[in-house]
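Have a look at the structure below before the remarks.
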Amino acid sequence: MTDASAPASPPSAAPPRPSPFHEGRVLWVRHWTDQLFSFAITRPEDFRFRSGEFVMIGLPAADGAKPLLRAYSVASPFWAEELEFFSIKVPDGPLTSRLQLIQPGDTVLMGKKPTGTLVLDALTGGERLHLIGTGTGLAPWLSVARDPETYSRFGRVVVSHTVRMAADLAYREFFEAGIKDDPLIGEEAAAQLAYYPTVTREPFHHPGRITDRIRSGDYFRDLGLDGGFDPARDRVMLCGSMAMIKETAALLEGFGLREGSNAEPGEFVLERAFVG
């Protein structure tokens with residue numbers, strides 16, 4: 001029999017809602033220039049992604065406010081134990097003005113759902129893969145170029161990186177030499193990978209915008225390729241400035257290449273999340 005005078009039990013507290021973010025611990029930070037830096041965070045055990053995908057990155061906000069997030073391509077290959085990112089520095093940027101100040105041991109928030117179209121699954125079969133990027137648009141190529149499937153699917157891989165000044169060619173030493181020592185794909189990269197940097201605002205052995213070098217034919221001559229992209233053999237991925245992506249996509253369509261997606265693979269892909 002229940003004692004009516006006994007105090008009622010307090011209602012049980014609702015279980016806490018799971019966080020939509022992983023909390024990554026910063027492992028290292030490298031400042032390439034006063035405008036570019038890279039950093040790596042710990043990888044959650046249950047985090048899976050395809051090389052070339054992006055995630056949302058942010059920092060904890062004060063007073064429990066909603067954190068500000070931006071899309072960042074994962075620069076690590078899918079098999080890496082840490083997650084690497086490549087970022088610009090914007091002095092008054094809502095996120096990067098704070099993100100550029102991170103130190104090892106700090107916490108970075110990362111969304112739990114990677115996504116994107118800059119993946120091999122969005123391309124049909126071909127012989128040559130062209131990874132064309134400007135600025136921090138190099139990031140997904142750092143992932144794709146270290147994926148063993150890239151070299152099993154394509155006999156030749158070209159990483160193209162266009163920047164304003166030669167000092168902005170972050171990862172240049174890696175693509176020229178370091179990747180050849182990679183224990184997983186080093187031998188394949190040494191035989192199949194070509195690195196093609198171009199600089200727009202100072203003298204350089206490959207001067208100018210990548211679109212101008214494609215249009216003039218210099219890109220193909222420098223790499224010893226036939227004059228133009230061939231829909232039967234060439235597959236292309238694009239990442240970087242909106243202007244470059246739109247202009248290059250138009251050039252590719254002029255060569256007869258079709259844009260692909262995860263649902264319908266094609267001869268070239270771009271990341272529409274960054275284009276708008």
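Following the order of the structure tokens, chains are lettered A, B, ..., residues in each are numbered from 1, and ligands are numbered from 1.
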Can you list every residue in region 7-172 of chain A that DSSP puts in alpha helix (DSSP H), as number ranges by chain? A: 96-99, 139-144, 148-153, 172
Just to be explicit: take each residue in the selection above, keep C-alpha atoms, and write the result as a tab-separated table (two decimals), in the first residue's frame.
chain	number	residue	atom	x	y	z
A	96	THR	CA	39.96	31.66	-39.49
A	97	SER	CA	40.92	34.70	-37.40
A	98	ARG	CA	40.62	32.35	-34.40
A	99	LEU	CA	41.53	29.06	-36.09
A	139	ALA	CA	43.77	19.94	-49.96
A	140	PRO	CA	41.65	17.15	-51.46
A	141	TRP	CA	44.48	16.22	-53.84
A	142	LEU	CA	46.70	15.53	-50.82
A	143	SER	CA	44.15	12.88	-49.94
A	144	VAL	CA	43.40	11.49	-53.40
A	148	PRO	CA	46.21	3.35	-53.58
A	149	GLU	CA	43.02	3.12	-55.65
A	150	THR	CA	44.06	6.25	-57.55
A	151	TYR	CA	47.07	4.45	-59.01
A	152	SER	CA	45.24	1.22	-59.68
A	153	ARG	CA	42.54	3.05	-61.65
A	172	ARG	CA	55.68	21.59	-53.06
Would you list, as JSON, numbers by chain, the residues of region 45-240 of chain A that end up in strand (DSSP E or B) under DSSP run on this structure's backbone? {"A": [54, 55, 56, 57, 58, 69, 70, 71, 72, 73, 82, 83, 84, 85, 86, 87, 88, 107, 108, 109, 110, 111, 115, 123, 128, 129, 130, 131, 132, 133, 134, 156, 157, 158, 159, 160, 161, 162, 163, 193, 194, 195, 196, 197, 198, 199, 207, 234, 235, 236, 237, 238, 239]}
Counting only C-alpha atoms, what is within 10 Å of region 259-267 of chain A, bar same-chain residues fewer than 5 positions away, as a list of chain:residue names?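 Everything that qualifies: A:Gly116, A:Thr117, A:Leu118, A:Val119, A:Leu120, A:Asp121, A:Ala122, A:Leu123, A:Thr124, A:Gly125, A:Gly126, A:Leu129, A:Asp230, A:Pro231, A:Ala232, A:Arg233, A:Asp234, A:Arg235, A:Val236, A:Met237, A:Ala249, A:Leu252, A:Glu253.
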Pick from A:Val158, A:Ala170, A:Val163, A:Ile88: nearest to His206 (chain A), with only C-alpha atoms counted?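 Of all the options, A:Val163 lies closest to His206 (chain A).
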